[in-house]
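These notes concern the structure reproduced below.
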Amino acid sequence: VYSQSVGEASVIVNAGGTIAGQNPDPGYAFKAPWQTRSPWDLFSQQVTFAGGGDKAPDYTGGTVSGQEITASVKGGAQANVDVQVVYSLDGNFVGELYPEYRSQERFTQQIIVPKILSVIRDTPSSATPVEFRGEKRGEIQDTMLERLNTSLSPYGVTVQQVAIQDIRFTEDVELSIKNVEVAQQKEAEA
């Protein structure tokens, strides 16, 4: 007998490594003494990429944290983006994920993080630096959410939120953005 809390799913594994079943429901359940239980967390998970440095992502405590993501924008400029992604896993998929990934941490490392990095790096490429930081920021954030849900839904992952925290450019691009914003403000006042 084992107990499983709300927000947890289990894969029951036989001694030889074959899957005996999965359990996405909270409460008490039974397994044979020779079977092991692989628990998977179904509560919202958070992935945060922020700040500089060369540290590899850290996969502890149900969250992933790593350094900022560098994305290209229209005109070839590079933007350093701090972003937070919140997602959850459907417990009915853990039996399908276990044979290939064996743990939620490996699944996160091999599927979730690479897909997040790909979408965050690619999506802003249709906007200029001024648009990315300003008027199109919300639209780009919504597009990132949509694209992540499309690419992760086959794995039973639902992305609830993509939040762009900060966008930083090199000093020369920052100066150009400021000049454009001043010119736009003068034009609006005239």
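Residue names in the structure tokens use chain letters A, B, ... in the order shown, residue numbers from 1 in each chain, and ligand numbers from 1 in the order shown.
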Check stretch 9-181 of chain A with DSSP on the backbone and list each residue it calls alpha helix (DSSP H), as a PDB file with C-alpha atoms, in the first residue's frame.
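File produced: out-v3.pdb:
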```
ATOM      1  CA  VAL A  94       3.424   9.744 -17.261  1.00  0.00           C
ATOM      2  CA  GLY A  95       3.153   6.092 -18.326  1.00  0.00           C
ATOM      3  CA  GLU A  96       4.071   7.101 -21.879  1.00  0.00           C
ATOM      4  CA  LEU A  97       6.928   9.370 -20.790  1.00  0.00           C
ATOM      5  CA  TYR A  98       8.574   6.998 -18.317  1.00  0.00           C
ATOM      6  CA  PRO A  99       9.950   4.392 -20.801  1.00  0.00           C
ATOM      7  CA  GLU A 100      11.930   7.015 -22.696  1.00  0.00           C
ATOM      8  CA  TYR A 101      12.912   9.501 -19.956  1.00  0.00           C
ATOM      9  CA  GLN A 104      10.664  13.956 -14.593  1.00  0.00           C
ATOM     10  CA  GLU A 105      14.050  15.680 -14.315  1.00  0.00           C
ATOM     11  CA  ARG A 106      15.369  13.969 -17.460  1.00  0.00           C
ATOM     12  CA  PHE A 107      12.124  14.764 -19.293  1.00  0.00           C
ATOM     13  CA  VAL A 113      14.012  23.208 -21.666  1.00  0.00           C
ATOM     14  CA  PRO A 114      15.182  22.749 -25.292  1.00  0.00           C
ATOM     15  CA  LYS A 115      11.697  23.591 -26.611  1.00  0.00           C
ATOM     16  CA  ILE A 116      11.487  26.695 -24.396  1.00  0.00           C
ATOM     17  CA  LEU A 117      14.930  27.850 -25.528  1.00  0.00           C
ATOM     18  CA  SER A 118      14.058  27.310 -29.192  1.00  0.00           C
ATOM     19  CA  VAL A 119      10.775  29.241 -29.030  1.00  0.00           C
ATOM     20  CA  ILE A 120      12.182  32.134 -26.956  1.00  0.00           C
ATOM     21  CA  ARG A 121      15.188  32.507 -29.297  1.00  0.00           C
ATOM     22  CA  ASP A 122      13.152  32.372 -32.508  1.00  0.00           C
ATOM     23  CA  PRO A 129      14.302  46.171 -31.018  1.00  0.00           C
ATOM     24  CA  VAL A 130      11.887  49.076 -30.374  1.00  0.00           C
ATOM     25  CA  GLU A 131       8.836  46.893 -31.145  1.00  0.00           C
ATOM     26  CA  PHE A 132      10.105  43.979 -29.048  1.00  0.00           C
ATOM     27  CA  ARG A 133      10.607  46.180 -26.020  1.00  0.00           C
ATOM     28  CA  ARG A 137       6.073  42.733 -26.444  1.00  0.00           C
ATOM     29  CA  GLY A 138       2.662  41.401 -25.380  1.00  0.00           C
ATOM     30  CA  GLU A 139       1.959  39.984 -28.827  1.00  0.00           C
ATOM     31  CA  ILE A 140       5.342  38.207 -28.889  1.00  0.00           C
ATOM     32  CA  GLN A 141       4.732  36.840 -25.387  1.00  0.00           C
ATOM     33  CA  ASP A 142       1.323  35.473 -26.517  1.00  0.00           C
ATOM     34  CA  THR A 143       2.926  33.919 -29.611  1.00  0.00           C
ATOM     35  CA  MET A 144       5.545  32.243 -27.414  1.00  0.00           C
ATOM     36  CA  LEU A 145       2.776  30.795 -25.220  1.00  0.00           C
ATOM     37  CA  GLU A 146       0.877  29.498 -28.253  1.00  0.00           C
ATOM     38  CA  ARG A 147       3.975  27.975 -29.874  1.00  0.00           C
ATOM     39  CA  LEU A 148       5.074  26.286 -26.648  1.00  0.00           C
ATOM     40  CA  ASN A 149       1.622  24.773 -26.126  1.00  0.00           C
ATOM     41  CA  THR A 150       1.625  23.492 -29.708  1.00  0.00           C
ATOM     42  CA  SER A 151       5.041  21.842 -29.378  1.00  0.00           C
ATOM     43  CA  LEU A 152       4.577  20.458 -25.840  1.00  0.00           C
ATOM     44  CA  GLU A 171      24.900  49.643 -25.390  1.00  0.00           C
ATOM     45  CA  ASP A 172      24.831  50.848 -29.020  1.00  0.00           C
ATOM     46  CA  VAL A 173      21.394  49.294 -29.648  1.00  0.00           C
ATOM     47  CA  GLU A 174      20.096  50.801 -26.385  1.00  0.00           C
ATOM     48  CA  LEU A 175      21.269  54.234 -27.561  1.00  0.00           C
ATOM     49  CA  SER A 176      19.537  53.757 -30.930  1.00  0.00           C
ATOM     50  CA  ILE A 177      16.301  52.715 -29.194  1.00  0.00           C
ATOM     51  CA  LYS A 178      16.441  55.795 -26.984  1.00  0.00           C
ATOM     52  CA  ASN A 179      16.959  58.044 -30.039  1.00  0.00           C
ATOM     53  CA  VAL A 180      13.952  56.452 -31.794  1.00  0.00           C
ATOM     54  CA  GLU A 181      11.783  56.853 -28.704  1.00  0.00           C
TER      55      GLU A 181
END
```
Item to complete: Would you mind telling me which residue in A:Ala163, A:Ile112, A:Asn14, A:Ala188 lies nearest to A:Ala50 when using only C-alpha atoms?
Response: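 Smallest distance to A:Ala50 is found for A:Ala163.
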Taking the DSSP assignment computed from this structure's backbone, write out as a short mmCIF file (atom, residue, chain, number, x, y, z; two decimals) with N, CA, C and O atoms, in the first residue's frame all residues of stretch 140-180 of chain A that belong to strand (DSSP E or B).
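Written output follows (part06.cif):
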```
data_model
loop_
_atom_site.label_atom_id
_atom_site.label_comp_id
_atom_site.auth_asym_id
_atom_site.auth_seq_id
_atom_site.Cartn_x
_atom_site.Cartn_y
_atom_site.Cartn_z
N VAL A 157 1.91 18.27 -21.74
CA VAL A 157 2.33 19.49 -21.05
C VAL A 157 1.46 20.65 -21.50
O VAL A 157 1.26 20.86 -22.69
N THR A 158 0.96 21.41 -20.51
CA THR A 158 0.20 22.62 -20.79
C THR A 158 0.97 23.79 -20.21
O THR A 158 1.28 23.82 -19.02
N VAL A 159 1.28 24.76 -21.06
CA VAL A 159 1.98 25.96 -20.61
C VAL A 159 0.91 26.99 -20.24
O VAL A 159 0.09 27.36 -21.06
N GLN A 160 0.94 27.43 -18.97
CA GLN A 160 -0.04 28.40 -18.51
C GLN A 160 0.40 29.84 -18.72
O GLN A 160 -0.41 30.71 -18.94
N GLN A 161 1.72 30.07 -18.64
CA GLN A 161 2.18 31.45 -18.69
C GLN A 161 3.60 31.55 -19.24
O GLN A 161 4.46 30.73 -18.92
N VAL A 162 3.80 32.57 -20.07
CA VAL A 162 5.14 32.98 -20.49
C VAL A 162 5.24 34.44 -20.10
O VAL A 162 4.43 35.26 -20.55
N ALA A 163 6.18 34.78 -19.25
CA ALA A 163 6.34 36.16 -18.80
C ALA A 163 7.74 36.65 -19.13
O ALA A 163 8.73 36.16 -18.57
N ILE A 164 7.81 37.60 -20.06
CA ILE A 164 9.09 38.23 -20.37
C ILE A 164 9.35 39.24 -19.25
O ILE A 164 8.61 40.21 -19.10
N GLN A 165 10.39 39.00 -18.48
CA GLN A 165 10.69 39.86 -17.33
C GLN A 165 11.49 41.09 -17.73
O GLN A 165 11.21 42.18 -17.26
N ASP A 166 12.50 40.90 -18.57
CA ASP A 166 13.37 42.01 -18.95
C ASP A 166 13.98 41.72 -20.32
O ASP A 166 14.21 40.56 -20.67
N ILE A 167 14.22 42.80 -21.05
CA ILE A 167 14.86 42.70 -22.37
C ILE A 167 16.01 43.70 -22.36
O ILE A 167 15.81 44.89 -22.13
N ARG A 168 17.23 43.20 -22.61
CA ARG A 168 18.41 44.07 -22.62
C ARG A 168 19.13 43.92 -23.94
O ARG A 168 19.25 42.82 -24.47
N PHE A 169 19.60 45.04 -24.46
CA PHE A 169 20.37 45.06 -25.70
C PHE A 169 21.77 45.58 -25.39
O PHE A 169 22.03 46.10 -24.31
#
```
Just want the 12 Å neighbourhood of A:Arg102, counted on only C-alpha atoms, with same-chain residues fewer than 5 positions away dropped. Output as a CSV table (one decimal) with N, CA, C and O atoms, in the first residue's frame.
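Dumped everything to part.csv:
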```
chain,number,residue,atom,x,y,z
A,10,SER,N,2.0,8.5,-10.5
A,10,SER,CA,3.0,7.5,-10.3
A,10,SER,C,3.1,6.5,-11.5
A,10,SER,O,2.0,6.2,-12.0
A,11,VAL,N,4.2,6.1,-11.8
A,11,VAL,CA,4.4,5.0,-12.7
A,11,VAL,C,4.9,3.8,-11.9
A,11,VAL,O,5.9,3.9,-11.1
A,12,ILE,N,4.2,2.7,-12.0
A,12,ILE,CA,4.6,1.5,-11.2
A,12,ILE,C,5.4,0.6,-12.1
A,12,ILE,O,5.0,0.3,-13.2
A,13,VAL,N,6.6,0.3,-11.6
A,13,VAL,CA,7.6,-0.4,-12.4
A,13,VAL,C,8.0,-1.8,-11.8
A,13,VAL,O,8.2,-1.9,-10.6
A,17,GLY,N,12.0,-3.8,-14.9
A,17,GLY,CA,12.0,-2.5,-15.6
A,17,GLY,C,10.8,-2.3,-16.5
A,17,GLY,O,10.7,-1.2,-17.0
A,18,THR,N,10.0,-3.3,-16.6
A,18,THR,CA,8.8,-3.1,-17.4
A,18,THR,C,7.7,-2.3,-16.6
A,18,THR,O,7.7,-2.3,-15.4
A,19,ILE,N,6.9,-1.6,-17.3
A,19,ILE,CA,5.8,-0.8,-16.6
A,19,ILE,C,4.6,-1.7,-16.3
A,19,ILE,O,4.1,-2.3,-17.2
A,37,ARG,N,7.9,2.6,-7.4
A,37,ARG,CA,7.0,3.7,-7.8
A,37,ARG,C,7.9,4.8,-8.2
A,37,ARG,O,8.8,5.3,-7.5
A,38,SER,N,7.6,5.4,-9.4
A,38,SER,CA,8.3,6.6,-9.9
A,38,SER,C,7.3,7.7,-9.8
A,38,SER,O,6.4,7.8,-10.6
A,39,PRO,N,7.5,8.6,-8.8
A,39,PRO,CA,6.5,9.7,-8.7
A,39,PRO,C,6.9,10.9,-9.7
A,39,PRO,O,8.0,11.2,-10.0
A,40,TRP,N,5.8,11.5,-10.2
A,40,TRP,CA,5.9,12.7,-11.1
A,40,TRP,C,5.0,13.8,-10.5
A,40,TRP,O,3.9,13.6,-10.1
A,94,VAL,N,2.2,10.2,-17.9
A,94,VAL,CA,3.4,9.7,-17.3
A,94,VAL,C,3.8,8.3,-17.7
A,94,VAL,O,5.0,8.0,-17.8
A,95,GLY,N,2.8,7.5,-17.9
A,95,GLY,CA,3.2,6.1,-18.3
A,95,GLY,C,3.8,6.0,-19.7
A,95,GLY,O,4.6,5.2,-20.0
A,96,GLU,N,3.5,7.0,-20.5
A,96,GLU,CA,4.1,7.1,-21.9
A,96,GLU,C,5.5,7.7,-21.8
A,96,GLU,O,6.3,7.4,-22.6
A,97,LEU,N,5.7,8.7,-20.9
A,97,LEU,CA,6.9,9.4,-20.8
A,97,LEU,C,8.0,8.5,-20.1
A,97,LEU,O,9.2,8.6,-20.4
A,107,PHE,N,13.1,14.3,-18.3
A,107,PHE,CA,12.1,14.8,-19.3
A,107,PHE,C,12.2,16.3,-19.4
A,107,PHE,O,12.2,16.8,-20.5
A,108,THR,N,12.4,17.0,-18.3
A,108,THR,CA,12.5,18.4,-18.3
A,108,THR,C,13.8,18.8,-19.0
A,108,THR,O,13.8,19.7,-19.9
A,109,GLN,N,14.9,18.2,-18.8
A,109,GLN,CA,16.2,18.5,-19.4
A,109,GLN,C,16.2,18.2,-20.9
A,109,GLN,O,16.7,19.0,-21.7
A,110,GLN,N,15.5,17.1,-21.3
A,110,GLN,CA,15.6,16.7,-22.7
A,110,GLN,C,14.5,17.2,-23.6
A,110,GLN,O,14.7,17.3,-24.8
```
Worksheet item: Taking only C-alpha atoms into account, which of A:Ser103, A:Ser3, A:Thr70, A:Ser65 comes nearest A:Thr170?
Response: A:Thr70
Worksheet entry | Nearest candidate to A:Asn80 (options A:Phe93, A:Phe49, A:Phe43, A:Trp34; using only C-alpha atoms) |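 Residue with the minimum atom-to-atom distance to A:Asn80: A:Phe49.
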Worksheet item: At what distance in Å, to one decimal, does atom CA of A:Val86 lie from atom CA of A:Gly156?
Response: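 Separation of atom CA of A:Gly156 and atom CA of A:Val86: 14.1 Å.
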Fill in: Å distance separating atom CA of A:Thr128 from atom CA of A:Ala77, one decimal place
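So the two atoms, atom CA of A:Thr128 and atom CA of A:Ala77, lie 8.4 Å apart.
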Practice prompt. Return the single residue from A:Asn92, A:Gln46, A:Thr123, A:Thr36 that is closest to A:Ala79, with distances computed using only C-alpha atoms.
Written response: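 Selected residue with least distance to A:Ala79: A:Thr123.
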